[in-house]
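Engineer: Below is the file coords32.cif, with mmCIF, C-alpha atoms.
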```cif
data_work
#
loop_
_atom_site.label_atom_id
_atom_site.label_comp_id
_atom_site.auth_asym_id
_atom_site.auth_seq_id
_atom_site.Cartn_x
_atom_site.Cartn_y
_atom_site.Cartn_z
CA MET A 467 0.00 0.00 0.00
CA THR A 468 1.29 3.41 -0.92
CA GLN A 469 1.41 5.78 1.98
CA VAL A 470 0.59 9.39 1.35
CA ALA A 471 2.76 11.68 3.40
CA ARG A 472 0.71 14.25 5.26
CA PRO A 473 2.50 17.46 6.10
CA LYS A 474 3.12 18.10 9.77
CA PRO A 475 0.91 20.92 11.04
CA ARG A 476 2.73 24.23 11.18
CA ARG A 477 1.84 26.47 14.09
CA LEU A 478 1.13 29.98 12.86
CA ASP A 479 0.23 31.51 16.21
CA ALA A 480 -0.87 30.61 19.73
CA PHE A 481 -2.09 33.03 22.36
CA THR A 482 -4.43 33.43 25.31
CA LEU A 483 -7.03 36.05 26.18
CA PRO A 484 -8.72 36.96 29.46
CA SER A 485 -12.37 35.89 29.48
CA GLU A 486 -13.84 39.36 29.23
CA PRO A 487 -16.68 40.35 26.91
CA GLY A 488 -15.36 42.11 23.83
CA ASN A 489 -12.08 40.22 23.69
CA GLU A 490 -13.37 38.25 20.73
CA ARG A 491 -12.37 41.28 18.65
CA LEU A 492 -8.76 40.77 19.76
CA ALA A 493 -8.96 37.11 18.78
CA LEU A 494 -10.26 37.75 15.30
CA SER A 495 -7.67 40.49 14.65
CA ARG A 496 -4.79 38.36 15.76
CA VAL A 497 -5.97 35.29 13.86
CA ALA A 498 -6.35 37.42 10.73
CA GLU A 499 -2.80 38.73 11.17
CA SER A 500 -1.46 35.21 11.48
CA LEU A 501 -3.15 34.24 8.21
CA ALA A 502 -1.88 37.16 6.17
CA ASP A 503 0.40 35.01 4.03
CA VAL A 504 -1.48 31.73 3.69
CA GLY A 505 -3.46 32.63 0.58
CA LEU A 506 -6.95 32.57 2.05
CA ALA A 507 -9.25 34.55 -0.26
CA PRO A 508 -10.57 37.72 1.42
CA PRO A 509 -14.25 36.60 1.52
CA ARG A 510 -13.22 33.34 3.16
CA LEU A 511 -11.00 35.15 5.62
CA GLU A 512 -14.01 37.28 6.59
CA ARG A 513 -16.04 34.12 7.19
CA LEU A 514 -13.29 32.61 9.32
CA LYS A 515 -12.98 35.85 11.31
CA THR A 516 -16.69 35.76 12.07
CA ALA A 517 -16.45 32.12 13.15
CA VAL A 518 -13.43 32.88 15.36
CA ALA A 519 -15.25 35.80 16.98
CA GLU A 520 -18.36 33.73 17.68
CA ALA A 521 -16.40 30.76 19.02
CA THR A 522 -14.35 33.04 21.26
CA MET A 523 -17.51 34.74 22.54
CA ASN A 524 -18.92 31.32 23.40
CA ALA A 525 -15.70 30.34 25.17
CA ILE A 526 -15.66 33.57 27.18
CA GLU A 527 -19.33 33.50 28.12
CA HIS A 528 -20.51 29.90 28.11
CA GLY A 529 -17.21 28.14 28.78
CA ASN A 530 -15.38 30.37 31.24
CA GLY A 531 -18.39 32.26 32.61
CA ASN A 532 -16.91 35.71 31.89
CA ARG A 533 -14.25 35.07 34.56
CA ALA A 534 -11.30 37.12 33.33
CA GLU A 535 -8.77 35.05 35.26
CA ILE A 536 -9.60 31.93 33.20
CA PRO A 537 -7.96 32.34 29.81
CA VAL A 538 -9.34 31.44 26.42
CA GLU A 539 -6.62 29.67 24.43
CA VAL A 540 -6.33 30.13 20.68
CA GLU A 541 -4.05 28.19 18.36
CA VAL A 542 -3.76 28.62 14.60
CA THR A 543 -2.13 25.88 12.54
CA GLN A 544 -1.72 25.06 8.88
CA SER A 545 -1.49 21.56 7.45
CA GLY A 546 -1.36 21.46 3.68
CA ASP A 547 -4.45 23.29 2.44
CA ASP A 548 -6.14 23.23 5.84
CA ILE A 549 -6.13 26.11 8.27
CA THR A 550 -7.27 25.06 11.74
CA VAL A 551 -8.15 27.46 14.54
CA ALA A 552 -8.59 25.74 17.91
CA ILE A 553 -10.33 27.77 20.63
CA SER A 554 -10.33 26.26 24.11
CA ASP A 555 -12.01 27.11 27.38
CA GLN A 556 -12.46 25.36 30.71
CA GLY A 557 -16.20 24.71 30.43
CA GLY A 558 -15.83 20.93 30.27
CA LYS A 559 -18.99 18.94 29.84
CA GLU A 560 -20.92 21.66 31.64
CA HIS A 561 -20.39 23.99 28.68
CA THR A 562 -23.63 25.89 28.38
CA ASP A 563 -23.57 26.27 24.60
CA THR A 564 -23.33 22.76 23.21
CA GLY A 565 -25.34 23.29 20.07
CA ALA A 566 -27.94 20.82 21.28
CA GLY A 567 -30.60 23.50 21.29
CA GLU A 568 -33.17 24.23 18.65
CA GLU A 569 -31.91 25.48 15.28
CA PRO A 570 -32.55 29.21 14.98
CA ASP A 571 -35.70 29.94 13.01
CA LEU A 572 -36.17 33.58 12.10
CA LEU A 573 -39.91 33.35 11.67
CA LYS A 574 -40.27 31.81 15.14
CA LYS A 575 -38.06 34.54 16.54
CA LEU A 576 -40.17 37.23 14.89
CA ASP A 577 -43.31 35.63 16.27
CA GLY A 578 -41.85 35.41 19.77
CA ALA A 579 -41.74 31.61 19.77
CA GLN A 580 -37.92 31.64 20.00
CA SER A 581 -35.50 34.03 21.67
CA PRO A 582 -34.00 36.56 19.25
CA ARG A 583 -30.60 35.22 20.34
CA GLY A 584 -28.99 31.85 19.64
CA TRP A 585 -27.23 32.57 16.35
CA GLY A 586 -23.64 31.87 17.44
CA LEU A 587 -23.14 28.20 16.59
CA PHE A 588 -25.41 28.56 13.57
CA LEU A 589 -23.12 31.25 12.18
CA ILE A 590 -19.99 29.25 12.97
CA ARG A 591 -21.33 26.17 11.16
CA ASN A 592 -22.19 28.24 8.11
CA MET A 593 -18.94 30.21 8.00
CA VAL A 594 -16.31 27.45 7.98
CA ASP A 595 -15.66 24.37 5.85
CA ALA A 596 -15.72 22.06 8.86
CA MET A 597 -15.94 22.27 12.62
CA ASP A 598 -15.61 19.89 15.52
CA VAL A 599 -16.00 20.10 19.28
CA THR A 600 -13.97 18.04 21.74
CA THR A 601 -13.93 17.81 25.51
CA ASP A 602 -10.97 16.52 27.51
CA GLY A 603 -11.69 16.83 31.20
CA GLN A 604 -12.47 20.49 31.74
CA ARG A 605 -10.86 21.50 28.49
CA HIS A 606 -13.49 22.23 25.84
CA THR A 607 -12.23 23.00 22.35
CA ILE A 608 -13.93 24.06 19.17
CA TRP A 609 -11.98 23.35 16.00
CA LEU A 610 -12.60 25.57 12.99
CA ILE A 611 -11.26 24.34 9.67
CA MET A 612 -10.96 26.33 6.47
CA HIS A 613 -9.35 25.20 3.22
CA THR A 614 -7.06 27.66 1.51
CA GLY A 615 -7.09 26.27 -2.01
CA GLY A 616 -9.49 26.27 -4.90
CA ALA A 617 -12.00 28.74 -6.21
CA ALA A 618 -14.70 26.13 -5.66
CA HIS A 619 -14.51 26.83 -1.95
CA ASP A 620 -15.63 30.38 -2.59
CA GLU A 621 -18.96 28.98 -3.69
CA HIS A 622 -19.47 27.57 -0.21
CA VAL A 623 -22.55 28.83 1.72
CA MET B 694 -20.17 47.60 28.76
CA THR B 695 -19.32 50.76 26.82
CA SER B 696 -20.98 50.77 23.45
CA MET B 697 -18.84 51.17 20.35
CA CYS B 698 -21.99 51.77 18.33
CA GLU B 699 -23.44 55.17 17.47
CA ALA B 700 -26.65 56.02 15.68
CA THR B 701 -28.02 59.10 13.99
CA THR B 702 -31.65 59.39 12.98
CA ARG B 703 -33.59 61.50 10.54
CA VAL B 704 -36.87 61.37 8.73
CA VAL B 705 -37.65 61.70 5.04
CA PRO B 706 -41.18 61.47 3.64
CA GLY B 707 -42.43 57.97 4.39
CA ALA B 708 -39.27 56.70 6.02
CA ALA B 709 -37.31 56.96 9.22
CA ILE B 710 -33.58 56.54 8.73
CA ILE B 711 -31.22 55.11 11.33
CA GLU B 712 -27.58 55.33 10.32
CA LEU B 713 -25.38 53.13 12.48
CA SER B 714 -21.63 53.29 12.90
CA GLY B 715 -19.04 51.23 14.75
CA GLU B 716 -19.87 47.84 16.19
CA VAL B 717 -23.30 46.24 16.35
CA ASP B 718 -22.90 43.83 19.24
CA GLY B 719 -24.49 43.28 22.62
CA SER B 720 -23.34 46.68 23.83
CA ALA B 721 -25.40 48.36 21.09
CA ALA B 722 -28.77 47.34 22.56
CA ALA B 723 -29.63 50.69 24.15
CA VAL B 724 -28.25 52.67 21.20
CA LEU B 725 -30.35 50.75 18.70
CA THR B 726 -33.50 50.75 20.81
CA ASP B 727 -33.24 54.49 21.50
CA ALA B 728 -32.51 55.23 17.85
CA TYR B 729 -35.52 53.23 16.72
CA GLN B 730 -37.75 55.04 19.20
CA ARG B 731 -36.42 58.46 18.13
CA ALA B 732 -36.76 57.62 14.47
CA VAL B 733 -40.32 56.39 14.55
CA THR B 734 -41.45 59.13 16.92
CA GLY B 735 -40.44 61.62 14.25
CA ASP B 736 -42.12 59.67 11.50
CA SER B 737 -45.51 61.24 10.84
CA ASP B 738 -46.50 58.35 8.60
CA ALA B 739 -47.57 55.63 11.01
CA LEU B 740 -47.13 53.00 8.31
CA GLY B 741 -43.72 54.23 7.24
CA THR B 742 -40.51 52.42 6.58
CA VAL B 743 -37.45 52.14 8.80
CA VAL B 744 -34.14 52.31 6.95
CA LEU B 745 -31.16 50.77 8.73
CA GLY B 746 -27.89 52.14 7.36
CA PHE B 747 -24.81 49.98 7.90
CA ALA B 748 -22.27 51.75 5.67
CA ALA B 749 -20.17 52.84 8.67
CA VAL B 750 -20.54 49.58 10.61
CA ASP B 751 -17.38 47.48 10.72
CA TYR B 752 -18.53 44.60 12.93
CA ILE B 753 -21.78 42.74 13.55
CA ASN B 754 -21.84 39.66 15.76
CA SER B 755 -24.53 37.15 16.68
CA THR B 756 -25.81 39.36 19.49
CA GLY B 757 -26.02 42.23 17.03
CA ILE B 758 -28.02 39.98 14.70
CA ALA B 759 -30.35 39.31 17.65
CA LEU B 760 -30.79 43.07 18.14
CA ILE B 761 -31.66 43.50 14.48
CA VAL B 762 -34.17 40.65 14.81
CA SER B 763 -35.73 42.48 17.76
CA VAL B 764 -35.98 45.71 15.79
CA LEU B 765 -37.56 43.84 12.90
CA ALA B 766 -40.04 42.12 15.23
CA ARG B 767 -41.05 45.43 16.75
CA ALA B 768 -41.39 47.10 13.36
CA ARG B 769 -43.55 44.27 12.06
CA ALA B 770 -45.76 44.54 15.13
CA GLU B 771 -46.15 48.24 14.33
CA ARG B 772 -46.78 47.42 10.66
CA ARG B 773 -43.65 49.15 9.50
CA LYS B 774 -41.39 47.89 6.75
CA VAL B 775 -37.66 47.59 7.42
CA VAL B 776 -35.01 47.96 4.74
CA ALA B 777 -31.24 48.00 5.07
CA CYS B 778 -28.42 49.53 3.09
CA GLY B 779 -24.65 49.78 3.08
CA LEU B 780 -23.93 46.22 4.17
CA SER B 781 -20.57 44.81 3.12
CA PRO B 782 -20.70 41.67 0.97
CA HIS B 783 -19.82 39.61 4.05
CA TYR B 784 -22.64 40.93 6.18
CA ARG B 785 -25.02 40.76 3.22
CA GLU B 786 -24.17 37.05 3.13
CA ILE B 787 -24.94 36.77 6.82
CA PHE B 788 -28.30 38.48 6.26
CA ASP B 789 -28.94 35.82 3.59
CA ILE B 790 -27.85 32.90 5.78
CA THR B 791 -29.98 34.03 8.71
CA ARG B 792 -32.87 34.78 6.31
CA LEU B 793 -33.01 38.37 7.52
CA SER B 794 -32.89 39.34 3.84
CA ASP B 795 -36.22 37.53 3.34
CA PHE B 796 -37.80 40.15 5.57
CA ILE B 797 -35.50 43.15 5.12
CA GLU B 798 -35.01 44.43 1.59
CA LEU B 799 -31.35 45.23 0.99
CA PHE B 800 -30.05 48.21 -0.96
CA PRO B 801 -26.43 48.92 -1.87
CA ASP B 802 -26.47 52.38 -0.30
CA LEU B 803 -28.67 54.97 1.34
CA ASP B 804 -29.31 56.91 -1.88
CA HIS B 805 -30.70 53.81 -3.58
CA ALA B 806 -32.86 53.01 -0.56
CA VAL B 807 -34.29 56.50 -0.19
CA SER B 808 -34.89 57.02 -3.91
CA GLN B 809 -36.69 53.68 -4.07
CA LEU B 810 -38.84 54.56 -1.08
CA THR B 811 -39.66 58.14 -1.99
CA GLY B 812 -39.88 57.69 -5.77
CA PRO B 813 -38.08 59.41 -8.64
CA ALA B 814 -39.65 62.80 -7.97
CA ALA B 815 -38.10 63.09 -4.50
#
```
Using the file provided, produce a representation of the structure as structure tokens.

Structural biologist:
Amino acid sequence: MTQVARPKPRRLDAFTLPSEPGNERLALSRVAESLADVGLAPPRLERLKTAVAEATMNAIEHGNGNRAEIPVEVEVTQSGDDITVAISDQGGKEHTDTGAGEEPDLLKKLDGAQSPRGWGLFLIRNMVDAMDVTTDGQRHTIWLIMHTGGAAHDEHV
Amino acid sequence: MTSMCEATTRVVPGAAIIELSGEVDGSAAAVLTDAYQRAVTGDSDALGTVVLGFAAVDYINSTGIALIVSVLARARAERRKVVACGLSPHYREIFDITRLSDFIELFPDLDHAVSQLTGPAA
């Protein structure tokens, strides 16, 4: 059997942020800086920035409970055509935004049958090429994956 | 939380215009609610249209989307139409994904929105 060599992930950046509302803007700016030279088309970079901001907001609020002393950890890696942004908090299995809730439905929201809120995970899912969520003890991580290559990806969404 | 969002309001025949700038996030709740109230109070046409201008907005997050949903819900309850203008291609896409654009007509800029609403003679 022929083995296909997979490139080792290259770390582009890794940083932490205090869990304070508004710090998602810092995350998206820094992630965008780290991706300046990877060839991600501008519209796709905008989508990834939105996903990073939403995932960081969730980590700050639902994972770390807005407790500034508990950091949100962000790591950006590249492996071949894949950009992965991993955003971790300490919410564990008690994470209060698991995505298990009802899918947002605008008409229900307008009629008062659903809260106007609840768009975060919906936006994340629709902004990136793939996402995953893992829990290891208290460490809860959302993985956002975006492919750099191919115009076909620009037709996504 | 200090809001990074500002709003100016004015009225043209048949429409109340709310021009937003900065960041539409959770901190913008009071700014947007107050602006809506100011705008529709000055609108003599009870069945008028509310124009949301986003040309100077550089960030909208999911909480901001929720605020826009709340404005739309209130406007519908008051039988007002809501249109939006000045959205970047990215946020236009988000209005499509969330289906906000099914309920809020989108215009490229304020001039197009106002001329459409007030007619060619305006």

Engineer: With a distance cut-off of 8 Å and all atoms listed in the file, select the neighbouring residues of range 582-591 of chain A, excluding the residue or stretch itself and same-chain residues fewer than 4 positions from it, and output the selection as a PyMOL selection string.

Structural biologist: (chain A and resi 516-518+520-521+524+565+569-570+575-576+578+595-597) or (chain B and resi 755-756+758-760+762-763+787)

Engineer: For chain B, which of A:Leu478, A:Ala519, A:Leu494, A:Ile526 is the closest residue, counting all atoms listed in the file?

Structural biologist: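 Ranking A:Leu478, A:Ala519, A:Leu494, A:Ile526 by distance to chain B, first place goes to A:Ala519.
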
Engineer: Run the PyMOL selection byres ((chain B) within 12 of (chain A)) mentally over the shown coordinates, then write out the matched residues as a PyMOL selection string, using the chain letters and numbers from the document.

Structural biologist: chain B and resi 694-697+716-720+751-770+781-797

Engineer: Work out how far apart CA of Leu506 in chain A and CA of Glu539 in chain A are and give it in Å to one decimal.

Structural biologist: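 Computing the Euclidean distance for CA of Leu506 in chain A and CA of Glu539 in chain A yields 22.6 Å.
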
Engineer: Please list as a PyMOL selection string every residue within 10 Å of Thr742 in chain B, counting only C-alpha atoms and excluding residues in the same chain fewer than 5 positions away.

Structural biologist: chain B and resi 704-710+733+736+768+772-776+810

Engineer: So what does the PyMOL selection byres ((chain A and resi 505) around 12) actually pick up in this one, as an mmCIF file with C-alpha atoms, in the frame of the given file?

Structural biologist:
```cif
data_model
loop_
_atom_site.group_PDB
_atom_site.id
_atom_site.type_symbol
_atom_site.label_atom_id
_atom_site.label_comp_id
_atom_site.auth_asym_id
_atom_site.auth_seq_id
_atom_site.Cartn_x
_atom_site.Cartn_y
_atom_site.Cartn_z
ATOM 1 C CA ALA A 498 -6.350 37.420 10.730
ATOM 2 C CA SER A 500 -1.460 35.210 11.480
ATOM 3 C CA LEU A 501 -3.150 34.240 8.210
ATOM 4 C CA ALA A 502 -1.880 37.160 6.170
ATOM 5 C CA ASP A 503 0.400 35.010 4.030
ATOM 6 C CA VAL A 504 -1.480 31.730 3.690
ATOM 7 C CA LEU A 506 -6.950 32.570 2.050
ATOM 8 C CA ALA A 507 -9.250 34.550 -0.260
ATOM 9 C CA PRO A 508 -10.570 37.720 1.420
ATOM 10 C CA PRO A 509 -14.250 36.600 1.520
ATOM 11 C CA ARG A 510 -13.220 33.340 3.160
ATOM 12 C CA LEU A 511 -11.000 35.150 5.620
ATOM 13 C CA GLN A 544 -1.720 25.060 8.880
ATOM 14 C CA GLY A 546 -1.360 21.460 3.680
ATOM 15 C CA ASP A 547 -4.450 23.290 2.440
ATOM 16 C CA ASP A 548 -6.140 23.230 5.840
ATOM 17 C CA ILE A 549 -6.130 26.110 8.270
ATOM 18 C CA MET A 612 -10.960 26.330 6.470
ATOM 19 C CA HIS A 613 -9.350 25.200 3.220
ATOM 20 C CA THR A 614 -7.060 27.660 1.510
ATOM 21 C CA GLY A 615 -7.090 26.270 -2.010
ATOM 22 C CA GLY A 616 -9.490 26.270 -4.900
ATOM 23 C CA ALA A 617 -12.000 28.740 -6.210
#
```

Engineer: Mind pulling up the distance from CA of Ile536 in chain A to CA of Arg477 in chain A?

Structural biologist: 22.9 Å

Engineer: At what distance in Å, to one decimal, does CA of Glu568 in chain A lie from CA of Ala723 in chain B?

Structural biologist: 27.3 Å

Engineer: Care to translate the PyMOL selection byres ((chain A and resi 533) around 12) into actual residues of this file, as a PyMOL selection string?

Structural biologist: chain A and resi 483-487+525-532+534-538+555-557

Engineer: The selected residues should be written to file as a compact mmCIF listing (two decimals), in the coordinates of the input (atoms: C-alpha atoms).

Structural biologist:
```
# COMPACT_ATOMS: atom_id res chain seq x y z
CA LEU A 483 -7.03 36.05 26.18
CA PRO A 484 -8.72 36.96 29.46
CA SER A 485 -12.37 35.89 29.48
CA GLU A 486 -13.84 39.36 29.23
CA PRO A 487 -16.68 40.35 26.91
CA ALA A 525 -15.70 30.34 25.17
CA ILE A 526 -15.66 33.57 27.18
CA GLU A 527 -19.33 33.50 28.12
CA HIS A 528 -20.51 29.90 28.11
CA GLY A 529 -17.21 28.14 28.78
CA ASN A 530 -15.38 30.37 31.24
CA GLY A 531 -18.39 32.26 32.61
CA ASN A 532 -16.91 35.71 31.89
CA ALA A 534 -11.30 37.12 33.33
CA GLU A 535 -8.77 35.05 35.26
CA ILE A 536 -9.60 31.93 33.20
CA PRO A 537 -7.96 32.34 29.81
CA VAL A 538 -9.34 31.44 26.42
CA ASP A 555 -12.01 27.11 27.38
CA GLN A 556 -12.46 25.36 30.71
CA GLY A 557 -16.20 24.71 30.43
```

Engineer: Starting from the block above, write range 704-796 of chain B out to a file with C-alpha atoms, as a PDB file, in the first residue's frame, please.

Structural biologist:
```
ATOM      1  CA  VAL B 704     -36.871  61.371   8.730  1.00  0.00           C
ATOM      2  CA  VAL B 705     -37.655  61.702   5.044  1.00  0.00           C
ATOM      3  CA  PRO B 706     -41.179  61.472   3.637  1.00  0.00           C
ATOM      4  CA  GLY B 707     -42.431  57.975   4.393  1.00  0.00           C
ATOM      5  CA  ALA B 708     -39.266  56.702   6.024  1.00  0.00           C
ATOM      6  CA  ALA B 709     -37.308  56.964   9.216  1.00  0.00           C
ATOM      7  CA  ILE B 710     -33.576  56.543   8.725  1.00  0.00           C
ATOM      8  CA  ILE B 711     -31.222  55.107  11.333  1.00  0.00           C
ATOM      9  CA  GLU B 712     -27.584  55.326  10.319  1.00  0.00           C
ATOM     10  CA  LEU B 713     -25.376  53.134  12.477  1.00  0.00           C
ATOM     11  CA  SER B 714     -21.627  53.290  12.903  1.00  0.00           C
ATOM     12  CA  GLY B 715     -19.040  51.234  14.747  1.00  0.00           C
ATOM     13  CA  GLU B 716     -19.870  47.841  16.191  1.00  0.00           C
ATOM     14  CA  VAL B 717     -23.302  46.239  16.349  1.00  0.00           C
ATOM     15  CA  ASP B 718     -22.904  43.831  19.238  1.00  0.00           C
ATOM     16  CA  GLY B 719     -24.491  43.283  22.624  1.00  0.00           C
ATOM     17  CA  SER B 720     -23.343  46.682  23.833  1.00  0.00           C
ATOM     18  CA  ALA B 721     -25.397  48.356  21.091  1.00  0.00           C
ATOM     19  CA  ALA B 722     -28.773  47.342  22.555  1.00  0.00           C
ATOM     20  CA  ALA B 723     -29.634  50.686  24.145  1.00  0.00           C
ATOM     21  CA  VAL B 724     -28.252  52.671  21.200  1.00  0.00           C
ATOM     22  CA  LEU B 725     -30.345  50.746  18.697  1.00  0.00           C
ATOM     23  CA  THR B 726     -33.501  50.747  20.813  1.00  0.00           C
ATOM     24  CA  ASP B 727     -33.243  54.486  21.495  1.00  0.00           C
ATOM     25  CA  ALA B 728     -32.508  55.229  17.847  1.00  0.00           C
ATOM     26  CA  TYR B 729     -35.521  53.234  16.722  1.00  0.00           C
ATOM     27  CA  GLN B 730     -37.748  55.042  19.199  1.00  0.00           C
ATOM     28  CA  ARG B 731     -36.421  58.462  18.135  1.00  0.00           C
ATOM     29  CA  ALA B 732     -36.755  57.622  14.473  1.00  0.00           C
ATOM     30  CA  VAL B 733     -40.323  56.387  14.552  1.00  0.00           C
ATOM     31  CA  THR B 734     -41.453  59.135  16.924  1.00  0.00           C
ATOM     32  CA  GLY B 735     -40.440  61.620  14.253  1.00  0.00           C
ATOM     33  CA  ASP B 736     -42.117  59.671  11.499  1.00  0.00           C
ATOM     34  CA  SER B 737     -45.508  61.237  10.844  1.00  0.00           C
ATOM     35  CA  ASP B 738     -46.502  58.353   8.597  1.00  0.00           C
ATOM     36  CA  ALA B 739     -47.574  55.630  11.012  1.00  0.00           C
ATOM     37  CA  LEU B 740     -47.133  53.003   8.306  1.00  0.00           C
ATOM     38  CA  GLY B 741     -43.722  54.230   7.241  1.00  0.00           C
ATOM     39  CA  THR B 742     -40.506  52.417   6.581  1.00  0.00           C
ATOM     40  CA  VAL B 743     -37.450  52.136   8.803  1.00  0.00           C
ATOM     41  CA  VAL B 744     -34.139  52.308   6.949  1.00  0.00           C
ATOM     42  CA  LEU B 745     -31.156  50.774   8.732  1.00  0.00           C
ATOM     43  CA  GLY B 746     -27.887  52.140   7.355  1.00  0.00           C
ATOM     44  CA  PHE B 747     -24.814  49.979   7.900  1.00  0.00           C
ATOM     45  CA  ALA B 748     -22.266  51.752   5.674  1.00  0.00           C
ATOM     46  CA  ALA B 749     -20.169  52.843   8.674  1.00  0.00           C
ATOM     47  CA  VAL B 750     -20.538  49.581  10.607  1.00  0.00           C
ATOM     48  CA  ASP B 751     -17.384  47.476  10.722  1.00  0.00           C
ATOM     49  CA  TYR B 752     -18.530  44.602  12.931  1.00  0.00           C
ATOM     50  CA  ILE B 753     -21.780  42.743  13.552  1.00  0.00           C
ATOM     51  CA  ASN B 754     -21.837  39.663  15.756  1.00  0.00           C
ATOM     52  CA  SER B 755     -24.533  37.152  16.680  1.00  0.00           C
ATOM     53  CA  THR B 756     -25.809  39.358  19.490  1.00  0.00           C
ATOM     54  CA  GLY B 757     -26.023  42.228  17.025  1.00  0.00           C
ATOM     55  CA  ILE B 758     -28.018  39.981  14.705  1.00  0.00           C
ATOM     56  CA  ALA B 759     -30.349  39.313  17.650  1.00  0.00           C
ATOM     57  CA  LEU B 760     -30.786  43.071  18.143  1.00  0.00           C
ATOM     58  CA  ILE B 761     -31.657  43.504  14.476  1.00  0.00           C
ATOM     59  CA  VAL B 762     -34.171  40.649  14.809  1.00  0.00           C
ATOM     60  CA  SER B 763     -35.733  42.483  17.762  1.00  0.00           C
ATOM     61  CA  VAL B 764     -35.978  45.714  15.790  1.00  0.00           C
ATOM     62  CA  LEU B 765     -37.556  43.839  12.896  1.00  0.00           C
ATOM     63  CA  ALA B 766     -40.038  42.122  15.229  1.00  0.00           C
ATOM     64  CA  ARG B 767     -41.054  45.431  16.752  1.00  0.00           C
ATOM     65  CA  ALA B 768     -41.385  47.104  13.355  1.00  0.00           C
ATOM     66  CA  ARG B 769     -43.554  44.270  12.061  1.00  0.00           C
ATOM     67  CA  ALA B 770     -45.758  44.540  15.135  1.00  0.00           C
ATOM     68  CA  GLU B 771     -46.151  48.243  14.332  1.00  0.00           C
ATOM     69  CA  ARG B 772     -46.784  47.424  10.660  1.00  0.00           C
ATOM     70  CA  ARG B 773     -43.646  49.151   9.505  1.00  0.00           C
ATOM     71  CA  LYS B 774     -41.389  47.892   6.746  1.00  0.00           C
ATOM     72  CA  VAL B 775     -37.662  47.588   7.422  1.00  0.00           C
ATOM     73  CA  VAL B 776     -35.008  47.959   4.741  1.00  0.00           C
ATOM     74  CA  ALA B 777     -31.235  47.999   5.072  1.00  0.00           C
ATOM     75  CA  CYS B 778     -28.415  49.532   3.088  1.00  0.00           C
ATOM     76  CA  GLY B 779     -24.650  49.781   3.077  1.00  0.00           C
ATOM     77  CA  LEU B 780     -23.935  46.224   4.166  1.00  0.00           C
ATOM     78  CA  SER B 781     -20.567  44.815   3.119  1.00  0.00           C
ATOM     79  CA  PRO B 782     -20.700  41.666   0.970  1.00  0.00           C
ATOM     80  CA  HIS B 783     -19.818  39.606   4.049  1.00  0.00           C
ATOM     81  CA  TYR B 784     -22.644  40.934   6.179  1.00  0.00           C
ATOM     82  CA  ARG B 785     -25.016  40.759   3.215  1.00  0.00           C
ATOM     83  CA  GLU B 786     -24.172  37.054   3.126  1.00  0.00           C
ATOM     84  CA  ILE B 787     -24.940  36.774   6.825  1.00  0.00           C
ATOM     85  CA  PHE B 788     -28.295  38.481   6.258  1.00  0.00           C
ATOM     86  CA  ASP B 789     -28.937  35.817   3.594  1.00  0.00           C
ATOM     87  CA  ILE B 790     -27.849  32.898   5.784  1.00  0.00           C
ATOM     88  CA  THR B 791     -29.976  34.028   8.712  1.00  0.00           C
ATOM     89  CA  ARG B 792     -32.868  34.776   6.311  1.00  0.00           C
ATOM     90  CA  LEU B 793     -33.011  38.371   7.519  1.00  0.00           C
ATOM     91  CA  SER B 794     -32.887  39.339   3.839  1.00  0.00           C
ATOM     92  CA  ASP B 795     -36.217  37.529   3.339  1.00  0.00           C
ATOM     93  CA  PHE B 796     -37.800  40.151   5.575  1.00  0.00           C
TER      94      PHE B 796
END
```
